[in-house]
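This is start29.cif. It holds mmCIF, C-alpha atoms.
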```
data_coords
#
loop_
_atom_site.group_PDB
_atom_site.id
_atom_site.type_symbol
_atom_site.label_atom_id
_atom_site.label_comp_id
_atom_site.auth_asym_id
_atom_site.auth_seq_id
_atom_site.Cartn_x
_atom_site.Cartn_y
_atom_site.Cartn_z
ATOM 1 C CA MET Q 1 0.000 0.000 0.000
ATOM 2 C CA ASN Q 2 1.180 3.510 -0.787
ATOM 3 C CA ILE Q 3 0.151 6.633 1.142
ATOM 4 C CA CYS Q 4 0.317 10.023 -0.509
ATOM 5 C CA HIS Q 5 1.374 13.325 1.009
ATOM 6 C CA GLU Q 6 -0.656 16.430 0.214
ATOM 7 C CA ARG Q 7 2.100 17.652 -2.093
ATOM 8 C CA ASN Q 8 1.695 14.560 -4.305
ATOM 9 C CA ARG Q 9 -2.055 14.913 -4.869
ATOM 10 C CA GLN Q 10 -3.043 15.515 -8.499
ATOM 11 C CA GLY Q 11 -6.678 16.547 -8.396
ATOM 12 C CA PRO Q 12 -9.669 14.649 -7.025
ATOM 13 C CA LEU Q 13 -8.958 11.415 -8.843
ATOM 14 C CA GLY Q 14 -5.726 10.325 -7.253
ATOM 15 C CA CYS Q 15 -1.988 10.923 -7.315
ATOM 16 C CA GLU Q 16 1.129 10.297 -9.295
ATOM 17 C CA LEU Q 17 2.230 6.792 -8.353
ATOM 18 C CA SER Q 18 5.848 7.718 -8.971
ATOM 19 C CA GLY Q 19 5.575 10.461 -6.342
ATOM 20 C CA CYS Q 20 4.089 8.315 -3.573
ATOM 21 C CA GLU Q 21 6.178 7.277 -0.603
ATOM 22 C CA PRO Q 22 6.029 3.811 0.974
ATOM 23 C CA ALA Q 23 3.520 3.437 3.804
ATOM 24 C CA GLU Q 24 6.307 2.853 6.313
ATOM 25 C CA SER Q 25 7.711 6.359 5.887
ATOM 26 C CA VAL Q 26 4.358 7.930 6.793
ATOM 27 C CA LEU Q 27 3.401 5.479 9.554
ATOM 28 C CA GLU Q 28 6.808 5.279 11.183
ATOM 29 C CA PRO Q 29 6.197 8.265 13.539
ATOM 30 C CA VAL Q 30 2.980 6.581 14.659
ATOM 31 C CA GLY Q 31 4.853 3.472 15.764
ATOM 32 C CA LEU Q 32 3.248 1.035 13.330
ATOM 33 C CA LYS Q 33 5.368 -1.748 11.949
ATOM 34 C CA GLU Q 34 4.923 -4.844 9.872
ATOM 35 C CA GLY Q 35 2.785 -7.443 11.620
ATOM 36 C CA ASP Q 36 0.878 -4.963 13.811
ATOM 37 C CA ARG Q 37 -2.891 -5.360 13.974
ATOM 38 C CA VAL Q 38 -4.763 -2.204 12.998
ATOM 39 C CA VAL Q 39 -8.338 -1.003 12.665
ATOM 40 C CA VAL Q 40 -9.064 1.120 9.568
ATOM 41 C CA GLU Q 41 -12.113 3.403 9.699
ATOM 42 C CA ALA Q 42 -13.463 5.778 7.074
ATOM 43 C CA ALA Q 43 -13.633 9.431 8.120
ATOM 44 C CA PRO Q 44 -15.452 11.437 5.428
ATOM 45 C CA PRO Q 45 -14.907 13.251 3.250
ATOM 46 C CA ARG Q 46 -11.478 11.872 2.231
ATOM 47 C CA ARG Q 47 -9.750 10.437 5.301
ATOM 48 C CA LEU Q 48 -8.908 7.079 6.811
ATOM 49 C CA VAL Q 49 -8.365 6.658 10.530
ATOM 50 C CA ILE Q 50 -5.853 3.910 11.312
ATOM 51 C CA THR Q 51 -5.784 2.721 14.917
ATOM 52 C CA LYS Q 52 -3.242 0.288 16.273
ATOM 53 C CA GLU Q 53 -4.765 -2.508 18.348
ATOM 54 C CA GLY Q 54 -3.283 -2.951 21.787
ATOM 55 C CA LYS Q 55 -2.143 -6.241 23.209
ATOM 56 C CA THR Q 56 -5.025 -8.492 24.160
ATOM 57 C CA MET Q 57 -4.842 -10.184 27.560
ATOM 58 C CA THR Q 58 -5.627 -13.878 27.416
ATOM 59 C CA SER Q 59 -8.106 -15.501 29.797
ATOM 60 C CA PRO Q 60 -5.380 -17.409 31.713
ATOM 61 C CA GLN Q 61 -3.401 -14.183 32.183
ATOM 62 C CA HIS Q 62 -6.497 -12.442 33.514
ATOM 63 C CA LEU Q 63 -7.157 -15.331 35.893
ATOM 64 C CA GLU Q 64 -3.596 -15.177 37.204
ATOM 65 C CA LEU Q 65 -4.051 -11.475 37.970
ATOM 66 C CA GLU Q 66 -7.346 -12.231 39.743
ATOM 67 C CA ILE Q 67 -5.683 -14.948 41.836
ATOM 68 C CA ASP Q 68 -2.855 -12.585 42.760
ATOM 69 C CA LEU Q 69 -5.392 -9.930 43.797
ATOM 70 C CA LEU Q 70 -7.328 -12.417 45.947
ATOM 71 C CA LYS Q 71 -4.114 -13.476 47.686
ATOM 72 C CA LYS Q 72 -3.267 -9.858 48.454
ATOM 73 C CA LYS Q 73 -6.773 -9.336 49.869
ATOM 74 C CA LYS Q 74 -6.298 -12.390 52.077
ATOM 75 C CA THR Q 75 -2.955 -11.036 53.324
ATOM 76 C CA ALA Q 76 -4.632 -7.718 54.142
ATOM 77 C CA ILE Q 77 -7.371 -9.488 56.142
ATOM 78 C CA GLU Q 78 -4.811 -11.535 58.078
ATOM 79 C CA SER Q 79 -2.981 -8.320 58.925
ATOM 80 C CA ASP Q 80 -6.260 -6.756 60.093
ATOM 81 C CA ILE Q 81 -6.944 -9.793 62.305
ATOM 82 C CA ARG Q 82 -3.541 -9.406 63.991
ATOM 83 C CA TYR Q 83 -4.075 -5.659 64.375
ATOM 84 C CA LYS Q 84 -7.487 -6.028 66.021
ATOM 85 C CA ALA Q 85 -6.409 -8.996 68.158
ATOM 86 C CA ARG Q 86 -3.498 -6.933 69.460
ATOM 87 C CA GLN Q 87 -5.863 -4.114 70.428
ATOM 88 C CA TYR Q 88 -8.142 -6.483 72.289
ATOM 89 C CA ASN Q 89 -5.424 -8.569 73.944
ATOM 90 C CA GLY Q 90 -3.557 -5.437 75.012
ATOM 91 C CA ASN Q 91 -6.697 -3.796 76.415
ATOM 92 C CA MET Q 92 -6.069 -0.774 74.193
ATOM 93 C CA PRO Q 93 -8.978 -0.667 71.729
ATOM 94 C CA CYS Q 94 -8.788 2.165 69.227
ATOM 95 C CA GLU Q 95 -11.581 0.940 66.964
ATOM 96 C CA ALA Q 96 -15.293 0.800 67.724
ATOM 97 C CA GLY Q 97 -16.555 -2.468 69.209
ATOM 98 C CA LEU Q 98 -13.252 -3.871 70.409
ATOM 99 C CA GLU Q 99 -13.798 -2.658 73.959
ATOM 100 C CA ASP Q 100 -16.641 -5.183 74.355
ATOM 101 C CA GLU Q 101 -15.640 -8.848 74.676
ATOM 102 C CA ASP Q 102 -18.580 -10.355 72.764
ATOM 103 C CA THR Q 103 -18.483 -7.735 70.003
ATOM 104 C CA ALA Q 104 -14.712 -8.071 69.598
ATOM 105 C CA PHE Q 105 -15.080 -11.841 69.306
ATOM 106 C CA LEU Q 106 -17.689 -11.475 66.540
ATOM 107 C CA ILE Q 107 -15.548 -8.904 64.676
ATOM 108 C CA LEU Q 108 -12.538 -11.220 64.666
ATOM 109 C CA MET Q 109 -14.622 -14.253 63.704
ATOM 110 C CA SER Q 110 -16.157 -12.251 60.851
ATOM 111 C CA LEU Q 111 -12.685 -11.417 59.542
ATOM 112 C CA GLU Q 112 -11.676 -15.073 59.760
ATOM 113 C CA ARG Q 113 -14.826 -16.000 57.823
ATOM 114 C CA ASP Q 114 -13.980 -13.478 55.091
ATOM 115 C CA ARG Q 115 -10.409 -14.807 54.935
ATOM 116 C CA ASP Q 116 -11.668 -18.376 54.548
ATOM 117 C CA ARG Q 117 -14.065 -17.342 51.802
ATOM 118 C CA LEU Q 118 -11.121 -15.863 49.921
ATOM 119 C CA ASP Q 119 -9.424 -19.264 50.163
ATOM 120 C CA VAL Q 120 -12.448 -20.759 48.418
ATOM 121 C CA ASP Q 121 -12.351 -18.065 45.716
ATOM 122 C CA ILE Q 122 -8.632 -18.685 45.155
ATOM 123 C CA ALA Q 123 -9.206 -22.431 44.857
ATOM 124 C CA GLU Q 124 -12.025 -21.886 42.333
ATOM 125 C CA LYS Q 125 -9.872 -19.536 40.249
ATOM 126 C CA ASN Q 126 -6.999 -22.038 40.298
ATOM 127 C CA LEU Q 127 -9.379 -24.744 39.083
ATOM 128 C CA GLU Q 128 -10.658 -22.469 36.318
ATOM 129 C CA LEU Q 129 -7.082 -21.658 35.319
ATOM 130 C CA TYR Q 130 -6.265 -25.373 35.318
ATOM 131 C CA HIS Q 131 -9.079 -26.041 32.831
ATOM 132 C CA PHE Q 132 -8.153 -23.064 30.639
ATOM 133 C CA GLN Q 133 -4.635 -24.394 30.260
ATOM 134 C CA GLY Q 134 -5.801 -27.809 29.163
ATOM 135 C CA GLY Q 135 -5.339 -29.568 32.483
ATOM 136 C CA GLY Q 136 -1.910 -28.169 33.266
ATOM 137 C CA VAL Q 137 -1.109 -25.008 35.187
ATOM 138 C CA SER Q 138 2.063 -23.192 34.215
ATOM 139 C CA GLY Q 139 4.007 -20.395 35.850
ATOM 140 C CA PRO Q 140 3.547 -19.539 39.544
ATOM 141 C CA GLN Q 141 0.497 -21.808 39.821
ATOM 142 C CA ALA Q 142 2.267 -24.939 38.552
ATOM 143 C CA SER Q 143 3.246 -26.327 41.942
ATOM 144 C CA ALA Q 144 -0.334 -26.023 43.196
ATOM 145 C CA ALA Q 145 -1.623 -28.343 40.469
ATOM 146 C CA ALA Q 146 1.269 -30.782 40.045
ATOM 147 C CA PRO Q 147 0.033 -34.369 40.538
ATOM 148 C CA GLU Q 148 3.062 -35.360 42.611
ATOM 149 C CA ASP Q 149 2.252 -32.586 45.100
ATOM 150 C CA SER Q 150 -1.436 -33.446 45.443
ATOM 151 C CA LYS Q 151 -0.967 -35.229 48.773
ATOM 152 C CA VAL Q 152 0.928 -32.297 50.291
ATOM 153 C CA GLN Q 153 -1.659 -29.855 48.992
ATOM 154 C CA ALA Q 154 -4.493 -31.922 50.469
ATOM 155 C CA GLU Q 155 -2.801 -31.791 53.875
ATOM 156 C CA THR Q 156 -1.815 -28.142 53.915
ATOM 157 C CA SER Q 157 -4.247 -26.234 51.703
ATOM 158 C CA PRO Q 158 -6.208 -23.727 53.832
ATOM 159 C CA SER Q 159 -9.358 -24.569 51.869
ATOM 160 C CA THR Q 160 -8.984 -28.227 52.974
ATOM 161 C CA VAL Q 161 -7.709 -27.817 56.543
ATOM 162 C CA GLU Q 162 -8.718 -24.824 58.645
ATOM 163 C CA ARG Q 163 -6.827 -23.978 61.835
ATOM 164 C CA ALA Q 164 -7.354 -21.464 64.637
ATOM 165 C CA ARG Q 165 -5.699 -20.568 67.962
ATOM 166 C CA PHE Q 166 -7.323 -19.120 71.090
ATOM 167 C CA ARG Q 167 -6.493 -18.237 74.687
ATOM 168 C CA LEU Q 168 -8.947 -19.562 77.260
ATOM 169 C CA PRO Q 169 -8.747 -18.075 80.786
ATOM 170 C CA GLN Q 170 -8.979 -20.430 83.768
ATOM 171 C CA LYS Q 171 -9.971 -19.945 87.403
ATOM 172 C CA ASP Q 172 -6.565 -21.146 88.561
ATOM 173 C CA GLY Q 173 -4.995 -18.206 86.713
ATOM 174 C CA ARG Q 174 -2.848 -20.344 84.410
ATOM 175 C CA GLY Q 175 -5.000 -20.330 81.277
ATOM 176 C CA GLN Q 176 -4.936 -22.557 78.222
ATOM 177 C CA PHE Q 177 -4.051 -22.221 74.569
ATOM 178 C CA LEU Q 178 -6.612 -23.926 72.337
ATOM 179 C CA ALA Q 179 -5.685 -25.377 68.949
ATOM 180 C CA LEU Q 180 -8.728 -26.053 66.771
ATOM 181 C CA THR Q 181 -8.912 -27.713 63.387
ATOM 182 C CA ASN Q 182 -11.606 -28.282 60.771
ATOM 183 C CA ALA Q 183 -10.905 -31.069 58.274
ATOM 184 C CA LYS Q 184 -12.955 -33.528 56.214
ATOM 185 C CA GLY Q 185 -16.266 -32.673 57.854
ATOM 186 C CA SER Q 186 -15.085 -32.969 61.453
ATOM 187 C CA CYS Q 187 -13.264 -30.789 63.969
ATOM 188 C CA ARG Q 188 -10.729 -31.266 66.745
ATOM 189 C CA LEU Q 189 -9.746 -29.390 69.880
ATOM 190 C CA ARG Q 190 -6.387 -29.687 71.626
ATOM 191 C CA ARG Q 191 -5.457 -27.875 74.847
ATOM 192 C CA PHE Q 192 -2.033 -26.658 75.984
ATOM 193 C CA ASP Q 193 -0.941 -25.060 79.245
ATOM 194 C CA ALA Q 194 -0.496 -21.335 78.575
ATOM 195 C CA GLU Q 195 2.633 -21.115 80.779
ATOM 196 C CA THR Q 196 4.551 -24.270 79.968
ATOM 197 C CA GLY Q 197 3.040 -25.288 76.622
ATOM 198 C CA THR Q 198 2.439 -28.823 77.938
ATOM 199 C CA ALA Q 199 -0.315 -30.638 76.041
ATOM 200 C CA PHE Q 200 -3.334 -31.865 77.965
ATOM 201 C CA PRO Q 201 -3.795 -35.600 77.441
ATOM 202 C CA LYS Q 202 -7.451 -35.514 76.434
ATOM 203 C CA GLU Q 203 -8.267 -34.489 72.883
ATOM 204 C CA ALA Q 204 -11.816 -33.573 71.824
ATOM 205 C CA THR Q 205 -13.218 -34.411 68.389
ATOM 206 C CA SER Q 206 -16.648 -33.770 66.944
ATOM 207 C CA PRO Q 207 -18.414 -33.770 63.569
ATOM 208 C CA GLY Q 208 -19.051 -30.398 61.944
ATOM 209 C CA ASP Q 209 -17.398 -27.009 62.463
ATOM 210 C CA TYR Q 210 -15.341 -26.136 65.558
ATOM 211 C CA ARG Q 211 -17.187 -22.809 65.883
ATOM 212 C CA THR Q 212 -20.402 -24.608 66.773
ATOM 213 C CA ALA Q 213 -19.030 -27.831 68.253
ATOM 214 C CA PHE Q 214 -16.869 -26.007 70.828
ATOM 215 C CA TYR Q 215 -18.930 -22.865 71.198
ATOM 216 C CA GLN Q 216 -18.918 -22.995 75.004
ATOM 217 C CA GLU Q 217 -15.114 -22.782 75.086
ATOM 218 C CA LEU Q 218 -14.838 -20.200 72.323
ATOM 219 C CA ARG Q 219 -17.372 -17.778 73.764
ATOM 220 C CA ARG Q 220 -14.968 -17.144 76.661
ATOM 221 C CA ALA Q 221 -11.774 -17.363 74.578
ATOM 222 C CA THR Q 222 -9.701 -14.729 72.805
ATOM 223 C CA PRO Q 223 -8.567 -15.316 69.206
ATOM 224 C CA LEU Q 224 -4.799 -15.421 68.675
ATOM 225 C CA THR Q 225 -2.684 -15.631 65.563
ATOM 226 C CA VAL Q 226 0.265 -17.778 64.517
ATOM 227 C CA ILE Q 227 2.376 -16.646 61.593
ATOM 228 C CA ARG Q 228 3.477 -20.177 60.656
ATOM 229 C CA GLN Q 229 1.120 -22.980 61.614
ATOM 230 C CA PRO Q 230 2.997 -25.896 63.214
ATOM 231 C CA ASN Q 231 2.265 -29.550 62.603
ATOM 232 C CA LEU Q 232 0.473 -30.487 65.817
ATOM 233 C CA GLU Q 233 1.094 -34.205 65.353
ATOM 234 C CA GLY Q 234 4.752 -33.946 64.487
ATOM 235 C CA ASP Q 235 5.946 -30.793 66.278
ATOM 236 C CA CYS Q 236 3.524 -30.423 69.198
ATOM 237 C CA ARG Q 237 2.493 -33.912 70.201
ATOM 238 C CA ASP Q 238 3.549 -33.493 73.850
ATOM 239 C CA ARG Q 239 3.967 -29.716 74.108
ATOM 240 C CA LEU Q 240 3.909 -26.584 71.985
ATOM 241 C CA ARG Q 241 7.064 -25.845 70.069
ATOM 242 C CA PRO Q 242 9.056 -23.164 71.974
ATOM 243 C CA ASP Q 243 8.830 -20.527 69.222
ATOM 244 C CA ILE Q 244 5.061 -21.048 68.911
ATOM 245 C CA LEU Q 245 4.627 -20.823 72.692
ATOM 246 C CA ARG Q 246 6.573 -17.530 72.795
ATOM 247 C CA GLU Q 247 4.578 -16.152 69.880
ATOM 248 C CA LEU Q 248 1.288 -16.881 71.667
ATOM 249 C CA GLN Q 249 2.528 -15.641 75.046
ATOM 250 C CA ASN Q 250 3.740 -12.363 73.540
ATOM 251 C CA GLN Q 251 0.199 -11.642 72.398
ATOM 252 C CA ILE Q 252 -1.201 -11.874 75.932
ATOM 253 C CA GLN Q 253 1.584 -10.244 77.967
ATOM 254 C CA SER Q 254 -0.292 -6.954 78.259
ATOM 255 C CA ALA Q 255 -3.768 -8.466 78.375
ATOM 256 C CA PRO Q 256 -5.932 -7.966 81.507
ATOM 257 C CA GLY Q 257 -5.801 -10.628 84.212
ATOM 258 C CA GLU Q 258 -7.646 -13.857 83.706
ATOM 259 C CA ALA Q 259 -10.919 -14.490 85.415
#
```
Take the structure I supplied and represent it as structure tokens, if you would.
Amino acid sequence: MNICHERNRQGPLGCELSGCEPAESVLEPVGLKEGDRVVVEAAPPRRLVITKEGKTMTSPQHLELEIDLLKKKKTAIESDIRYKARQYNGNMPCEAGLEDEDTAFLILMSLERDRDRLDVDIAEKNLELYHFQGGGVSGPQASAAAPEDSKVQAETSPSTVERARFRLPQKDGRGQFLALTNAKGSCRLRRFDAETGTAFPKEATSPGDYRTAFYQELRRATPLTVIRQPNLEGDCRDRLRPDILRELQNQIQSAPGEA
């Protein structure tokens, strides 16, 4: 295709072909090059509007961005849980509702619920991405879908196993740390001495969700957070791991005395 400058026009019927310049010389300042996709539109009376098409994002790329956004939202909620738990445990509420025990408990449980829902959304997006890519996930999601890692994922995925930590005051003044788990339609409660980290011998299990199964304990307990969840069977069979115990104790150092 040749594009004519105004100086080469010879009346209304056209131009001198020998005076035309190649299209590249006219389009070069616009940034068009061979292989670019363009949209050509007529603009009366005697103009053509040529628009370069931008890069089109594929569906898998869009899904990866959505997954990354959901993960960042989950991180923000976890940070908010720690922030509010610190206010409550330190008896220094600076947000409305945290000065009341029952209201603070509901606020923290609501944040945990929202965090868990994000886990479900992330899992659904990963599944959708898996199908888009023909049954194989590439890039940063590859390890999550690799068949050889399926057993590890089933054991550690937050959408499969849900964990929570609480501090339960006791009349003897010692207190307990509660470790609760939801997995495969049932829940489990383990108790540890809040001073020594020693595990109590009796373990409670129940069908359903720990929030309802152990409501009587949780209604008097304070939610705590653990940055890295330990393996209770391997690392904390007889007592809490020292670093986990310190992490939990640090959250209650400035809390009011136990009832």
* To do: Return as a list in words the set of residues that the PyMOL selection byres ((chain Q and resi 83) around 12) yields on the displayed structure.
  =>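 Applied to this file, the PyMOL selection byres ((chain Q and resi 83) around 12) returns Ala76, Ile77, Glu78, Ser79, Asp80, Ile81, Arg82, Lys84, Ala85, Arg86, Gln87, Tyr88, Asn89, Gly90, Met92, Pro93, Cys94, Glu95, Leu98, Ile107, Leu108, Leu111, Pro223, Leu224, Thr225 and Gln251 of chain Q.
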* Provide the CA of Leu180 (chain Q) to CA of Thr212 (chain Q) distance in Å, to one decimal place. =>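 A separation of 11.8 Å between them.
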* To do: For CA of Ser186 (chain Q) and CA of Gln170 (chain Q), quote the distance in Å rounded to one decimal.
  =>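 Result for CA of Ser186 (chain Q) versus CA of Gln170 (chain Q): 26.3 Å, one decimal.
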* Hey, which of Q:Thr75, Q:Leu232, Q:Arg219, Q:Asp193 ends up closest to Leu106 (chain Q)? Count all atoms listed in the file. ->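 Comparing Q:Thr75, Q:Leu232, Q:Arg219, Q:Asp193 against Leu106 (chain Q), the winner is Q:Arg219.
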* **Coordinates-based distance that separates CA of Arg228 (chain Q) from CA of Leu168 (chain Q) (Å, one decimal)** => 20.7 Å
Region 65-77 of chain Q rebuilt with N, CA and C atoms, output as an mmCIF file, in the frame of the given file:
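Ended up saving to result-v4.cif:
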```
data_model
loop_
_atom_site.group_PDB
_atom_site.id
_atom_site.type_symbol
_atom_site.label_atom_id
_atom_site.label_comp_id
_atom_site.auth_asym_id
_atom_site.auth_seq_id
_atom_site.Cartn_x
_atom_site.Cartn_y
_atom_site.Cartn_z
ATOM 1 N N LEU Q 65 -3.974 -12.775 37.291
ATOM 2 C CA LEU Q 65 -4.051 -11.475 37.970
ATOM 3 C C LEU Q 65 -5.131 -11.490 39.048
ATOM 4 N N GLU Q 66 -6.272 -12.136 38.754
ATOM 5 C CA GLU Q 66 -7.346 -12.231 39.743
ATOM 6 C C GLU Q 66 -6.889 -13.030 40.963
ATOM 7 N N ILE Q 67 -6.180 -14.126 40.730
ATOM 8 C CA ILE Q 67 -5.683 -14.948 41.836
ATOM 9 C C ILE Q 67 -4.708 -14.148 42.691
ATOM 10 N N ASP Q 68 -3.816 -13.405 42.025
ATOM 11 C CA ASP Q 68 -2.855 -12.585 42.760
ATOM 12 C C ASP Q 68 -3.566 -11.526 43.604
ATOM 13 N N LEU Q 69 -4.624 -10.930 43.049
ATOM 14 C CA LEU Q 69 -5.392 -9.930 43.797
ATOM 15 C C LEU Q 69 -6.076 -10.556 45.008
ATOM 16 N N LEU Q 70 -6.663 -11.740 44.832
ATOM 17 C CA LEU Q 70 -7.328 -12.417 45.947
ATOM 18 C C LEU Q 70 -6.334 -12.753 47.054
ATOM 19 N N LYS Q 71 -5.134 -13.167 46.681
ATOM 20 C CA LYS Q 71 -4.114 -13.476 47.686
ATOM 21 C C LYS Q 71 -3.704 -12.231 48.473
ATOM 22 N N LYS Q 72 -3.606 -11.103 47.765
ATOM 23 C CA LYS Q 72 -3.267 -9.858 48.454
ATOM 24 C C LYS Q 72 -4.393 -9.428 49.399
ATOM 25 N N LYS Q 73 -5.646 -9.646 48.985
ATOM 26 C CA LYS Q 73 -6.773 -9.336 49.869
ATOM 27 C C LYS Q 73 -6.735 -10.217 51.116
ATOM 28 N N LYS Q 74 -6.384 -11.490 50.938
ATOM 29 C CA LYS Q 74 -6.298 -12.390 52.077
ATOM 30 C C LYS Q 74 -5.192 -11.938 53.039
ATOM 31 N N THR Q 75 -4.047 -11.536 52.483
ATOM 32 C CA THR Q 75 -2.955 -11.036 53.324
ATOM 33 C C THR Q 75 -3.387 -9.810 54.113
ATOM 34 N N ALA Q 76 -4.157 -8.928 53.462
ATOM 35 C CA ALA Q 76 -4.632 -7.718 54.142
ATOM 36 C C ALA Q 76 -5.581 -8.071 55.289
ATOM 37 N N ILE Q 77 -6.446 -9.075 55.082
ATOM 38 C CA ILE Q 77 -7.371 -9.488 56.142
ATOM 39 C C ILE Q 77 -6.606 -10.106 57.303
#
```
